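See structure below.
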Number of protein chains: 2
Amino acid sequence: MDKKLQQFLKNKAYNIRVSSLKMTSEAGSGHPTSSLSAADIIATLFFYAMQFDPQNHQNPNNDRFILSKGHASPVFYAVWKELGLLTDEDVLTYRKIDSVLEGHPTLRFSRTEAATGSLGQGLSIAAGMAYSAKMDDRDFYTYCLLGDSEITEGSVWEAAEISAYYKLDNLVAILDCNRLGQSTPTLHEHDLNRYAEKFSAFGWEALIADGHSMPELINVLDQARQVKNKPSIIIAKTFKGYGVKQAQDNEGFHGKVFKKEELPEILKKLAEQFPQAAAYLEDFVWAPKVPQADKRQTQKTISIPKPDYKIDEKMPTRKAYGYALAAVGDADNQVVSLDAEVKNSTFAEIFEAKHPDRFIQCFIAEQNMIGMAVGLANRGKIPFVSTFASFFSRAFDQIRMAAIGQSPLRLTGSHAGVSIGQDGPSQMGLEDIAIMRTLPNSVVLYPSDAVSTYKLVELMANRSDGITYLRTTRMATPVLYNTGEEFTLGGCKILRQSDHDVACVIGAGVTLHEALKAYEHLKKENIYISVIDLYSIKPLARDTLLSMAKKAKNKIITVEDHYLEGGLGETVVYALRNTGITIECLAVKKLPRSGKPEELLALHEIDAATIIKTVKK
Amino acid sequence: MDKKLQQFLKNKAYNIRVSSLKMTSEAGSGHPTSSLSAADIIATLFFYAMQFDPQNHQNPNNDRFILSKGHASPVFYAVWKELGLLTDEDVLTYRKIDSVLEGHPTLRFSRTEAATGSLGQGLSIAAGMAYSAKMDDRDFYTYCLLGDSEITEGSVWEAAEISAYYKLDNLVAILDCNRLGQSTPTLHEHDLNRYAEKFSAFGWEALIADGHSMPELINVLDQARQVKNKPSIIIAKTFKGYGVKQAQDNEGFHGKVFKKEELPEILKKLAEQFPQAAAYLEDFVWAPKVPQADKRQTQKTISIPKPDYKIDEKMPTRKAYGYALAAVGDADNQVVSLDAEVKNSTFAEIFEAKHPDRFIQCFIAEQNMIGMAVGLANRGKIPFVSTFASFFSRAFDQIRMAAIGQSPLRLTGSHAGVSIGQDGPSQMGLEDIAIMRTLPNSVVLYPSDAVSTYKLVELMANRSDGITYLRTTRMATPVLYNTGEEFTLGGCKILRQSDHDVACVIGAGVTLHEALKAYEHLKKENIYISVIDLYSIKPLARDTLLSMAKKAKNKIITVEDHYLEGGLGETVVYALRNTGITIECLAVKKLPRSGKPEELLALHEIDAATIIKTVKK
């Protein structure tokens, strides 16, 4: 093997160690020991294995890299310094408020592919990228560096499972097996075979190497690129804190930085331990293996033909979602649909029927599904992700991280609320509005009929700067709008209104139809209410709601098939605080149960009868 | 093998099939085909393998059973009918609004151990029960029936990992491998060896059987009870819809019920397929293998000695949590602590140091940690579960299900908010209040000093009817209260008050201290504010807040280190709607980043300076 190359790589690893130590000591916080274990791997990856153009990060044929063990961010920033894209001064801004080099990588640093730091999520993102390469017939590889503590996360095994199922031989994971977690040794410590057995059983090619030996790393990285029909993992035996004697392989040094005053001595000893690397004189001409760049498709505006629905025709919004999704799939071949083995409930199957090659069956593994969608979005796909609304709670940490990474995911949760009926509380999405509202820069939509669903899906397709959530209903509801009706993010629709309204009732989804029933009933008694379809919960049409309330004796009644906390009602109450508007909120306020939809709407007092009672009160 | 026993079991399985078909057809919904595949397993489990007293469900030495594939609830209800605890009429109430026999099992049916229906969660709960048996030196076994679709959920592999690590040889899983999921065949269909390889690699004893053969099932169930030092899984080859020809092993029958008018013909054919079982005449005297019952410890009131903190002494609330937890551990030997490999951050390590045998290291696998806590609570333990506040989002579906199951979990999330500083957004709990508030019957606590933390932990220990969440802060904050101060669920503390307050500022955690700083600053300018410590967010001291606001010119300012959505501010705004109180909410309103805590409090305008500015405005 090329001695000069090895010396070159050793010097790079040495430099990465020095930078990692310097930046963490300067910051006064961070994870130097978790970085030191990974330095040789990172050097060999970026300066030997990976084929990419450091100057053109968005070359669509570049190999990609995901740092799943996000706390080892120093090695990531350090390698970009070695690549000439960051300066010495840059890396010393690590963790400072104006720096893009955050404690865990975020998209503020342009070389970061995905925000990491919540452990066990990177492999799914990498799998999404690798899947995208297969879809586009591109030759690039995706590499993912994992820590050994994080692979206890179930999400890692979801990713392992699905990557093997889809034969992602363009995916290479590297396990930095440094034996020590934050507070305790890992499950298998340095028993590398245990990890290999697990990954082998999950259908992976498992390769073992000394993670501090350049020849061994080069060898397994070469081998990994030869593996066909399955993903590969390199299980690299490393030592936490490698190169700093007092910390190396010792407990108690996780997330501990060395004091600035200790640093000169530590760096001196590091140089003594790696004399050749420290004294290295460049005698190897490194050139990146730059793949041919072709033009990556930029997203165009997606527009779909008008739907073909008639007023009062009954259709579940979840089904209208399926049709709209198929239509946006017609309009743009970058649209992909991911579903967690409920495609016949979410109606993603309508998309699949038209675009089978762009439908990704994610099986019952919601966490990995979100991670893959992040990876696909990163590679220019337009992912729509569907499952039951309740089961997005399973992947909420992944969704939270996707929001931190500003990933343009489109999420659709079906089976919202108690109105699903007999299946009972486990299947009822009753907190989905609350959780999706918390995400920075999110949009939360909740249509009530097929036309608005269809139009909102078109808007979702065109939104590229954050997470957009669409909530759909199980039961069929009548079409309310003409197919020419326009909808906007942050809009609402006034469905009923008169000059003598005694209250303004705001609903969405199934409760809007209850409000309309209440309207008809009250009208017979010469009591008038205005009725608003609040199809956009975030952003909210505050000004419209306020002016409508003012025209209705300053009274609002909200009604929603969702828990009170964090739902539509609290959103409206917050937006209209300090205005003098009186607001009553009808919502699910106790644990639901199995029963018929109409029985449950009544039991939880979110039905027409309760609206009527509340109006009269 | 005993022929009479086999005939008896076959008859039980037949009866279970008949009941499952009858109840789902009567209900008009449900999952008969997923029940039919499991009927032989269930019959053999309950009438052969399990040692329990059907009449005394709470006998602490009973073997336990968790139905992880909760949609197969009909077999569960049917077997209890066979055991004589439900009548024919009872099972026909399945899924009706007044029935305790819900679509997916809930605790409303007294024989249910844990609410299931969100897939992939049962094994963790079973592991918690098995762990509890080990702790208490009890001989009972815990059985868990899994579906083959659900084992793609990562949570299953978390449970597999941890159960093997803790050598839970009293845990027996049975995989009902019926080949078909909801909308598509499973990953490995009937390739049973693939499942066996995976579980073996994870450290389990894997046994394969024909899931419709009584002799084979008896054999592997016997074997499973002999396995030492590791958990066992029986991988049972079954056919979905077994016994109903048109559905058996066919796609398209998941969650599809047979029409009531078809039922006589289906039952007739079922009898023809199993003539002996259908014509069975009881010639086997079955008696349950009832274990000796001893008295299970009932929970007593836990009281702990006063803490030893001095006013103004600085201590992080997370550390005070650790001390309080150790103290409740002293007071009651049923208290257990579970932590996801961050014990030196959450300070669960203080408990571990005093009670090492009651500390459960759950590694970085939050979903399994919650599931195990549910299992432990079911067996009378008092579980306290800790990790970073942000990482409870990883297990939110499990927490949601625990709330549906009314499990008395005590959850403590450390590292709340932007004030954690340099680690950045991935580690900041900013949506934890919002998600915990949505849970039916939850309590959400957010102390600001060591004394209140300590006292609230004592209250948590004594709360046994739902989920209690405690939010702690990373940085040290000064002690505010004398050690004799009393706290209540639903209380608040008035820290500053005068006759000429211009606003009432409500904070909790780090922002309360900012409010106190603002108070001192404003006082110098002769501007007075009242300051309230809102340590209990749910339930909320609405009346106190209202009367305080009235004394402060009807003005409230809330300030919190949490996203606006679903947080403390929205809670207060909702509670005080329609009262004419003016409320301004300071909260984190955009994506945060790395930086110093004080810089971030300023950047997100939740610091003393912003409070002062807001008061003056």
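Every chain in the structure tokens takes a letter, A first, then B, and so on in the order presented; its residues are numbered from 1, and the ligands are numbered from 1 following the presented order.
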Mind checking which residues fall within 6 Å of B:Gly241, counting only C-alpha atoms, ignoring those fewer than 3 positions away in the same chain, and posting them as a PDB file with N, CA, C and O atoms, in the first residue's frame?
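So the final result, stored in around29.pdb, reads:
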```pdb
ATOM      1  N   THR B  33     -59.011 -11.688  10.876  1.00  0.00           N
ATOM      2  CA  THR B  33     -57.982 -12.562  10.282  1.00  0.00           C
ATOM      3  C   THR B  33     -56.699 -12.559  11.115  1.00  0.00           C
ATOM      4  O   THR B  33     -56.039 -13.591  11.233  1.00  0.00           O
ATOM      5  N   LEU B  36     -57.473 -14.971  13.908  1.00  0.00           N
ATOM      6  CA  LEU B  36     -57.506 -16.393  13.540  1.00  0.00           C
ATOM      7  C   LEU B  36     -56.106 -16.996  13.497  1.00  0.00           C
ATOM      8  O   LEU B  36     -55.906 -18.152  13.873  1.00  0.00           O
ATOM      9  N   SER B  37     -55.144 -16.222  13.078  1.00  0.00           N
ATOM     10  CA  SER B  37     -53.773 -16.761  13.013  1.00  0.00           C
ATOM     11  C   SER B  37     -53.235 -17.057  14.413  1.00  0.00           C
ATOM     12  O   SER B  37     -52.389 -17.929  14.583  1.00  0.00           O
ATOM     13  N   VAL B 244     -60.727 -19.766   7.699  1.00  0.00           N
ATOM     14  CA  VAL B 244     -61.756 -19.179   6.819  1.00  0.00           C
ATOM     15  C   VAL B 244     -61.161 -19.156   5.414  1.00  0.00           C
ATOM     16  O   VAL B 244     -60.305 -18.323   5.084  1.00  0.00           O
ATOM     17  N   ALA B 247     -60.313 -16.208   3.066  1.00  0.00           N
ATOM     18  CA  ALA B 247     -59.396 -15.189   3.591  1.00  0.00           C
ATOM     19  C   ALA B 247     -58.009 -15.748   3.867  1.00  0.00           C
ATOM     20  O   ALA B 247     -57.008 -15.019   3.814  1.00  0.00           O
ATOM     21  N   GLN B 248     -57.950 -17.028   4.149  1.00  0.00           N
ATOM     22  CA  GLN B 248     -56.704 -17.617   4.644  1.00  0.00           C
ATOM     23  C   GLN B 248     -55.514 -17.379   3.727  1.00  0.00           C
ATOM     24  O   GLN B 248     -55.538 -17.733   2.551  1.00  0.00           O
TER      25      GLN B 248
END
```
- prompt: If we count only C-alpha atoms, what is near A:Gly154 at a cut-off of 8 Å, once residues fewer than 4 positions away on the same chain are taken out, given as a PyMOL selection string?
  reply: (chain A and resi 120+158) or (chain B and resi 153-158+365)
Closest atom pairs, chain B residues within 6 Å of chain A, only C-alpha atoms, as CSV:
```
residue,atom,partner,partner_atom,distance
B:Arg95,CA,A:Gln422,CA,5.4
B:Lys96,CA,A:Gly595,CA,5.0
B:Ile97,CA,A:Gly595,CA,4.1
B:Glu102,CA,A:Ser594,CA,5.3
B:Gly103,CA,A:Asp423,CA,4.5
B:Gly117,CA,A:Ser426,CA,5.5
B:Ser118,CA,A:Ser426,CA,5.9
B:Thr152,CA,A:Ile364,CA,5.7
B:Glu153,CA,A:Ala365,CA,4.8
B:Gly154,CA,A:Gly154,CA,3.5
B:Ser155,CA,A:Gly154,CA,5.1
B:Trp157,CA,A:Gly154,CA,5.7
B:Glu158,CA,A:Gly154,CA,5.2
B:Glu197,CA,A:Ala201,CA,5.6
B:Lys198,CA,A:Ala201,CA,5.0
B:Ala201,CA,A:Lys198,CA,5.0
B:Ile364,CA,A:Thr152,CA,5.7
B:Ala365,CA,A:Glu153,CA,4.8
B:Ser393,CA,A:Asp397,CA,4.9
B:Arg394,CA,A:Asp397,CA,4.7
B:Phe396,CA,A:Ser393,CA,5.6
B:Asp397,CA,A:Arg394,CA,4.6
B:Gln422,CA,A:Arg95,CA,5.4
B:Asp423,CA,A:Gly103,CA,4.5
B:Gly424,CA,A:Gly103,CA,5.6
B:Ser426,CA,A:Gly117,CA,5.5
B:Thr438,CA,A:Glu565,CA,5.2
B:Pro440,CA,A:Leu591,CA,5.7
B:Glu565,CA,A:Thr438,CA,5.2
B:Gly566,CA,A:Gly566,CA,4.5
B:Asn578,CA,A:Thr582,CA,5.0
B:Thr582,CA,A:Asn578,CA,5.1
B:Lys590,CA,A:Pro440,CA,5.8
B:Leu591,CA,A:Pro440,CA,5.7
B:Ser594,CA,A:Glu102,CA,5.3
B:Gly595,CA,A:Ile97,CA,4.1
```
task: Looking only at alpha helix (DSSP H) from DSSP on the backbone, list the matching residues of stretch 128-280 of chain B as a PyMOL selection string.
output: chain B and resi 128-136+154-165+192-201+214-226+263-273+275-278
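Across the model, the gap from atom CA of A:Arg318 to atom CA of A:Thr473 is 5.9 Å.
Atom pair atom CA of B:Val336 / atom CA of B:Arg225: separated by 27.0 Å.
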Within 12 Å of A:Ile527, counting only C-alpha atoms, which residues qualify if same-chain residues fewer than 3 places away don't, as a PDB file with all heavy atoms, in the first residue's frame?
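Dumped everything to out00.pdb:
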```pdb
ATOM      1  N   GLN A 497     -72.669  33.433   7.210  1.00  0.00           N
ATOM      2  CA  GLN A 497     -72.486  34.771   7.766  1.00  0.00           C
ATOM      3  C   GLN A 497     -73.779  35.542   7.535  1.00  0.00           C
ATOM      4  O   GLN A 497     -74.415  35.384   6.487  1.00  0.00           O
ATOM      5  CB  GLN A 497     -71.329  35.472   7.032  1.00  0.00           C
ATOM      6  CG  GLN A 497     -70.975  36.822   7.584  1.00  0.00           C
ATOM      7  CD  GLN A 497     -69.848  37.479   6.781  1.00  0.00           C
ATOM      8  OE1 GLN A 497     -69.534  37.047   5.678  1.00  0.00           O
ATOM      9  NE2 GLN A 497     -69.267  38.523   7.322  1.00  0.00           N
ATOM     10  N   SER A 498     -74.164  36.333   8.515  1.00  0.00           N
ATOM     11  CA  SER A 498     -75.326  37.190   8.314  1.00  0.00           C
ATOM     12  C   SER A 498     -75.107  38.480   9.105  1.00  0.00           C
ATOM     13  O   SER A 498     -74.076  38.641   9.756  1.00  0.00           O
ATOM     14  CB  SER A 498     -76.599  36.481   8.802  1.00  0.00           C
ATOM     15  OG  SER A 498     -76.635  36.519  10.222  1.00  0.00           O
ATOM     16  N   ASP A 499     -76.077  39.357   9.049  1.00  0.00           N
ATOM     17  CA  ASP A 499     -75.938  40.622   9.787  1.00  0.00           C
ATOM     18  C   ASP A 499     -76.379  40.496  11.237  1.00  0.00           C
ATOM     19  O   ASP A 499     -76.308  41.457  11.995  1.00  0.00           O
ATOM     20  CB  ASP A 499     -76.767  41.724   9.096  1.00  0.00           C
ATOM     21  CG  ASP A 499     -76.146  42.092   7.761  1.00  0.00           C
ATOM     22  OD1 ASP A 499     -74.932  41.826   7.573  1.00  0.00           O
ATOM     23  OD2 ASP A 499     -76.884  42.619   6.901  1.00  0.00           O
ATOM     24  N   HIS A 500     -76.873  39.341  11.582  1.00  0.00           N
ATOM     25  CA  HIS A 500     -77.368  39.216  12.967  1.00  0.00           C
ATOM     26  C   HIS A 500     -76.853  37.949  13.622  1.00  0.00           C
ATOM     27  O   HIS A 500     -77.578  37.247  14.306  1.00  0.00           O
ATOM     28  CB  HIS A 500     -78.898  39.286  13.002  1.00  0.00           C
ATOM     29  CG  HIS A 500     -79.540  38.708  11.768  1.00  0.00           C
ATOM     30  ND1 HIS A 500     -79.686  39.424  10.596  1.00  0.00           N
ATOM     31  CD2 HIS A 500     -80.032  37.481  11.517  1.00  0.00           C
ATOM     32  CE1 HIS A 500     -80.256  38.647   9.676  1.00  0.00           C
ATOM     33  NE2 HIS A 500     -80.469  37.475  10.223  1.00  0.00           N
ATOM     34  N   ASP A 501     -75.554  37.661  13.406  1.00  0.00           N
ATOM     35  CA  ASP A 501     -74.946  36.473  14.015  1.00  0.00           C
ATOM     36  C   ASP A 501     -74.707  36.707  15.503  1.00  0.00           C
ATOM     37  O   ASP A 501     -74.231  37.766  15.915  1.00  0.00           O
ATOM     38  CB  ASP A 501     -73.614  36.139  13.333  1.00  0.00           C
ATOM     39  CG  ASP A 501     -73.822  35.735  11.873  1.00  0.00           C
ATOM     40  OD1 ASP A 501     -74.914  35.232  11.555  1.00  0.00           O
ATOM     41  OD2 ASP A 501     -72.905  35.959  11.062  1.00  0.00           O
ATOM     42  N   VAL A 502     -75.015  35.674  16.272  1.00  0.00           N
ATOM     43  CA  VAL A 502     -74.824  35.784  17.721  1.00  0.00           C
ATOM     44  C   VAL A 502     -73.490  35.175  18.170  1.00  0.00           C
ATOM     45  O   VAL A 502     -73.079  35.353  19.315  1.00  0.00           O
ATOM     46  CB  VAL A 502     -75.979  35.116  18.503  1.00  0.00           C
ATOM     47  CG1 VAL A 502     -77.291  35.825  18.213  1.00  0.00           C
ATOM     48  CG2 VAL A 502     -76.091  33.623  18.167  1.00  0.00           C
ATOM     49  N   ALA A 503     -72.866  34.438  17.289  1.00  0.00           N
ATOM     50  CA  ALA A 503     -71.554  33.869  17.606  1.00  0.00           C
ATOM     51  C   ALA A 503     -70.905  33.421  16.308  1.00  0.00           C
ATOM     52  O   ALA A 503     -71.588  33.180  15.312  1.00  0.00           O
ATOM     53  CB  ALA A 503     -71.677  32.679  18.553  1.00  0.00           C
ATOM     54  N   CYS A 504     -69.592  33.350  16.366  1.00  0.00           N
ATOM     55  CA  CYS A 504     -68.833  32.867  15.222  1.00  0.00           C
ATOM     56  C   CYS A 504     -68.257  31.501  15.600  1.00  0.00           C
ATOM     57  O   CYS A 504     -67.493  31.395  16.552  1.00  0.00           O
ATOM     58  CB  CYS A 504     -67.716  33.868  14.914  1.00  0.00           C
ATOM     59  SG  CYS A 504     -66.541  33.282  13.701  1.00  0.00           S
ATOM     60  N   ALA A 518     -75.245  22.483  13.006  1.00  0.00           N
ATOM     61  CA  ALA A 518     -75.753  23.355  14.074  1.00  0.00           C
ATOM     62  C   ALA A 518     -76.370  24.621  13.468  1.00  0.00           C
ATOM     63  O   ALA A 518     -77.431  25.093  13.906  1.00  0.00           O
ATOM     64  CB  ALA A 518     -74.626  23.713  15.042  1.00  0.00           C
ATOM     65  N   TYR A 519     -75.706  25.138  12.446  1.00  0.00           N
ATOM     66  CA  TYR A 519     -76.205  26.335  11.760  1.00  0.00           C
ATOM     67  C   TYR A 519     -77.633  26.110  11.258  1.00  0.00           C
ATOM     68  O   TYR A 519     -78.532  26.925  11.482  1.00  0.00           O
ATOM     69  CB  TYR A 519     -75.266  26.692  10.605  1.00  0.00           C
ATOM     70  CG  TYR A 519     -75.796  27.785   9.714  1.00  0.00           C
ATOM     71  CD1 TYR A 519     -75.547  29.127  10.001  1.00  0.00           C
ATOM     72  CD2 TYR A 519     -76.571  27.470   8.588  1.00  0.00           C
ATOM     73  CE1 TYR A 519     -76.057  30.128   9.187  1.00  0.00           C
ATOM     74  CE2 TYR A 519     -77.083  28.470   7.773  1.00  0.00           C
ATOM     75  CZ  TYR A 519     -76.827  29.796   8.077  1.00  0.00           C
ATOM     76  OH  TYR A 519     -77.337  30.785   7.286  1.00  0.00           O
ATOM     77  N   GLU A 520     -77.812  24.980  10.564  1.00  0.00           N
ATOM     78  CA  GLU A 520     -79.141  24.699   9.978  1.00  0.00           C
ATOM     79  C   GLU A 520     -80.205  24.586  11.068  1.00  0.00           C
ATOM     80  O   GLU A 520     -81.321  25.086  10.926  1.00  0.00           O
ATOM     81  CB  GLU A 520     -79.096  23.396   9.164  1.00  0.00           C
ATOM     82  CG  GLU A 520     -78.211  23.461   7.920  1.00  0.00           C
ATOM     83  CD  GLU A 520     -78.625  24.553   6.933  1.00  0.00           C
ATOM     84  OE1 GLU A 520     -79.828  24.911   6.882  1.00  0.00           O
ATOM     85  OE2 GLU A 520     -77.731  25.090   6.237  1.00  0.00           O
ATOM     86  N   HIS A 521     -79.822  23.931  12.127  1.00  0.00           N
ATOM     87  CA  HIS A 521     -80.757  23.741  13.233  1.00  0.00           C
ATOM     88  C   HIS A 521     -81.141  25.088  13.866  1.00  0.00           C
ATOM     89  O   HIS A 521     -82.325  25.394  14.076  1.00  0.00           O
ATOM     90  CB  HIS A 521     -80.129  22.813  14.271  1.00  0.00           C
ATOM     91  CG  HIS A 521     -81.031  22.478  15.408  1.00  0.00           C
ATOM     92  ND1 HIS A 521     -81.711  21.284  15.481  1.00  0.00           N
ATOM     93  CD2 HIS A 521     -81.383  23.193  16.507  1.00  0.00           C
ATOM     94  CE1 HIS A 521     -82.444  21.276  16.578  1.00  0.00           C
ATOM     95  NE2 HIS A 521     -82.255  22.424  17.224  1.00  0.00           N
ATOM     96  N   LEU A 522     -80.121  25.881  14.129  1.00  0.00           N
ATOM     97  CA  LEU A 522     -80.351  27.174  14.807  1.00  0.00           C
ATOM     98  C   LEU A 522     -81.139  28.130  13.922  1.00  0.00           C
ATOM     99  O   LEU A 522     -81.984  28.903  14.398  1.00  0.00           O
ATOM    100  CB  LEU A 522     -79.004  27.800  15.193  1.00  0.00           C
ATOM    101  CG  LEU A 522     -78.262  27.098  16.341  1.00  0.00           C
ATOM    102  CD1 LEU A 522     -76.795  27.522  16.375  1.00  0.00           C
ATOM    103  CD2 LEU A 522     -78.948  27.404  17.678  1.00  0.00           C
ATOM    104  N   LYS A 523     -80.864  28.047  12.633  1.00  0.00           N
ATOM    105  CA  LYS A 523     -81.540  28.914  11.667  1.00  0.00           C
ATOM    106  C   LYS A 523     -83.056  28.733  11.758  1.00  0.00           C
ATOM    107  O   LYS A 523     -83.824  29.702  11.669  1.00  0.00           O
ATOM    108  CB  LYS A 523     -81.049  28.548  10.264  1.00  0.00           C
ATOM    109  CG  LYS A 523     -81.371  29.521   9.173  1.00  0.00           C
ATOM    110  CD  LYS A 523     -80.700  29.052   7.891  1.00  0.00           C
ATOM    111  CE  LYS A 523     -81.612  29.268   6.679  1.00  0.00           C
ATOM    112  NZ  LYS A 523     -81.020  28.673   5.472  1.00  0.00           N
ATOM    113  N   LYS A 524     -83.447  27.481  11.949  1.00  0.00           N
ATOM    114  CA  LYS A 524     -84.879  27.203  12.070  1.00  0.00           C
ATOM    115  C   LYS A 524     -85.489  27.903  13.269  1.00  0.00           C
ATOM    116  O   LYS A 524     -86.688  28.172  13.312  1.00  0.00           O
ATOM    117  CB  LYS A 524     -85.115  25.687  12.191  1.00  0.00           C
ATOM    118  CG  LYS A 524     -84.892  24.966  10.882  1.00  0.00           C
ATOM    119  CD  LYS A 524     -85.087  23.460  11.032  1.00  0.00           C
ATOM    120  CE  LYS A 524     -84.524  22.744   9.811  1.00  0.00           C
ATOM    121  NZ  LYS A 524     -84.044  21.399  10.130  1.00  0.00           N
ATOM    122  N   SER A 530     -72.203  32.714  12.446  1.00  0.00           N
ATOM    123  CA  SER A 530     -71.276  32.591  11.323  1.00  0.00           C
ATOM    124  C   SER A 530     -70.457  31.317  11.531  1.00  0.00           C
ATOM    125  O   SER A 530     -70.255  30.880  12.659  1.00  0.00           O
ATOM    126  CB  SER A 530     -70.371  33.820  11.203  1.00  0.00           C
ATOM    127  OG  SER A 530     -69.833  34.179  12.448  1.00  0.00           O
ATOM    128  N   ALA A 552     -69.998  39.255  15.177  1.00  0.00           N
ATOM    129  CA  ALA A 552     -70.846  38.220  15.781  1.00  0.00           C
ATOM    130  C   ALA A 552     -70.863  38.396  17.298  1.00  0.00           C
ATOM    131  O   ALA A 552     -70.589  37.466  18.050  1.00  0.00           O
ATOM    132  CB  ALA A 552     -70.345  36.838  15.380  1.00  0.00           C
ATOM    133  N   ILE A 612     -74.901  23.785  19.439  1.00  0.00           N
ATOM    134  CA  ILE A 612     -76.193  24.466  19.592  1.00  0.00           C
ATOM    135  C   ILE A 612     -76.389  24.916  21.044  1.00  0.00           C
ATOM    136  O   ILE A 612     -76.744  26.068  21.315  1.00  0.00           O
ATOM    137  CB  ILE A 612     -77.337  23.515  19.152  1.00  0.00           C
ATOM    138  CG1 ILE A 612     -77.265  23.304  17.631  1.00  0.00           C
ATOM    139  CG2 ILE A 612     -78.707  24.053  19.566  1.00  0.00           C
ATOM    140  CD1 ILE A 612     -78.085  22.110  17.126  1.00  0.00           C
ATOM    141  N   LYS A 613     -76.093  23.999  21.953  1.00  0.00           N
ATOM    142  CA  LYS A 613     -76.234  24.298  23.388  1.00  0.00           C
ATOM    143  C   LYS A 613     -75.322  25.466  23.778  1.00  0.00           C
ATOM    144  O   LYS A 613     -75.728  26.368  24.512  1.00  0.00           O
ATOM    145  CB  LYS A 613     -75.857  23.041  24.198  1.00  0.00           C
ATOM    146  CG  LYS A 613     -76.533  22.901  25.523  1.00  0.00           C
ATOM    147  CD  LYS A 613     -76.304  21.508  26.124  1.00  0.00           C
ATOM    148  CE  LYS A 613     -74.816  21.310  26.452  1.00  0.00           C
ATOM    149  NZ  LYS A 613     -74.535  19.920  26.914  1.00  0.00           N
ATOM    150  N   VAL A 615     -74.059  27.799  21.819  1.00  0.00           N
ATOM    151  CA  VAL A 615     -74.534  29.052  21.203  1.00  0.00           C
ATOM    152  C   VAL A 615     -75.666  29.633  22.040  1.00  0.00           C
ATOM    153  O   VAL A 615     -75.694  30.833  22.336  1.00  0.00           O
ATOM    154  CB  VAL A 615     -75.016  28.800  19.751  1.00  0.00           C
ATOM    155  CG1 VAL A 615     -75.782  30.016  19.212  1.00  0.00           C
ATOM    156  CG2 VAL A 615     -73.844  28.464  18.844  1.00  0.00           C
ATOM    157  N   LYS A 616     -76.598  28.765  22.440  1.00  0.00           N
ATOM    158  CA  LYS A 616     -77.752  29.251  23.196  1.00  0.00           C
ATOM    159  C   LYS A 616     -77.353  29.785  24.564  1.00  0.00           C
ATOM    160  O   LYS A 616     -77.988  30.700  25.085  1.00  0.00           O
ATOM    161  CB  LYS A 616     -78.785  28.124  23.333  1.00  0.00           C
ATOM    162  CG  LYS A 616     -79.478  27.808  22.012  1.00  0.00           C
ATOM    163  CD  LYS A 616     -80.586  26.800  22.182  1.00  0.00           C
ATOM    164  CE  LYS A 616     -81.320  26.593  20.850  1.00  0.00           C
ATOM    165  NZ  LYS A 616     -82.314  25.506  20.955  1.00  0.00           N
TER     166      LYS A 616
END
```
task: Pull the strand (DSSP E) assignments for stretch 185-414 of chain B out of DSSP run on the backbone, and list those residues as a PyMOL selection string.
output: chain B and resi 205-210+232-237+314-316+335-339+359-361+382-388+410-414
